[in-house]
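Take a look at the structure below.
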Amino acid sequence: RAPVHDMDYLMRHRWMISLGAVVALVCLALLIWEPLMRFRPWAPIPDTLTGFERSLFGRKDKQYTPDEVKRLREHIDRQVARGESLLPLYETDAAFFDASLLDLKPADSVADIGCGTGAAEIAALEKGVPFAHWYLVELHPATMEFARYAVSKAFPSAADRIVTIISTPLDLGLPPRSVDVVFMINVRLAMPRFQGEVQPPAWKIKATLESLKQALRPAARIHLFEPVLDDAGDPYPLQNLIRNYLSNGFEVVKQNEIEVRVPMYHVVLRVAAKS
């Protein structure tokens, strides 16, 4: 039998060799086609993160993929390298948040419950608001990782005062008596519709709010920012939200309407004196 390297042998079987090469190329193409089309490295990076945070915020079944995280970090790295603000990348109400509404003092520890990808933190830090420590609280680890990356890249000098906490629906994870100011933007914590339940049992609402209460220092303030109209354009049921706080030992200090890109309710609460 002729050896493989014999030229006559190769010429006689060239069609088999060609066929094998074609099959190998087809197999290789099939292996790389799906991830290549999903990531599309040749595609230009858009200027905004339209839909990313809104699609992820508060959804337990949705996480960033590694490719999405890579692209999002490229956005951040590009803006930081140019010395430009990160806020134009965000398409969320939190990016238009005015942290002066919180009336922060240099010694205050702040907690953003449901921080998403960190838009409110970017807005506050760009304005230079004073604070001692800032807690980012979020249900979703991948979303939190992106928020941590964005804040630390944009404001490395504040990194040692930023604390990230992965919460659960019933436990916010904040240390006891650690916070002077809490704020939530479109989070709807303790609404009747709770983690997909139309009407959850009272003990679930109580557990969540007790978790919040134990983290508050004396005279701590809670700021709720909720849209006047919901996503369907219907009036937001603010009184349902407030009722849950009132029945669990909180009281309303202030309530008014403000503009944060869209009309929003601003409700300030504190622990009731007899609670």
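Letters A, B, ... mark the chains of the structure tokens in the order given; residue numbers begin at 1 per chain; ligand numbers begin at 1, in order shown.
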
Using DSSP on the backbone, list every residue of stretch 57-134 of chain A that comes out as helix (DSSP H, G or I), and give them as a ChimeraX atom specification.
-> /A:66-82,87-89,93-96,99-102,119-126

Using only C-alpha atoms, determine which residues lie at most 10 Å from stretch 234-239 of chain A, disregarding the query and same-chain residues fewer than 5 positions distant; provide the list as a list of chain:residue names.
->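 Counting only C-alpha atoms, the residues come to A:Arg188, A:Met191, A:Pro192, A:Glu226, A:Pro227, A:Val228, A:Leu229, A:Asn244, A:Tyr245, A:Met264, A:Tyr265, A:Val267.
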
Separation of atom CA of A:Ala159 and atom CA of A:Trp134, in Å?
-> 9.7 Å

Name the residues of stretch 102-185 of chain A that fall into strand (DSSP E) according to DSSP on the backbone, using the chain letters and numbers of this document, as a PyMOL selection string.
-> chain A and resi 109-113+133-138+162-166+179-185

As a check of understanding: the span from atom CA of A:Leu87 to atom CA of A:Glu257 is 23.4 Å

Length of the atom CA of A:His75 to atom CA of A:Thr92 vector [Å] | 16.0 Å

Rank A:Phe97, A:Phe131, A:Phe155, A:Phe146 by their smallest atom-to-atom distance to A:Ile258, using only C-alpha atoms, and report the top residue only.
->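 Nearest candidate to A:Ile258 out of A:Phe97, A:Phe131, A:Phe155, A:Phe146: A:Phe97.
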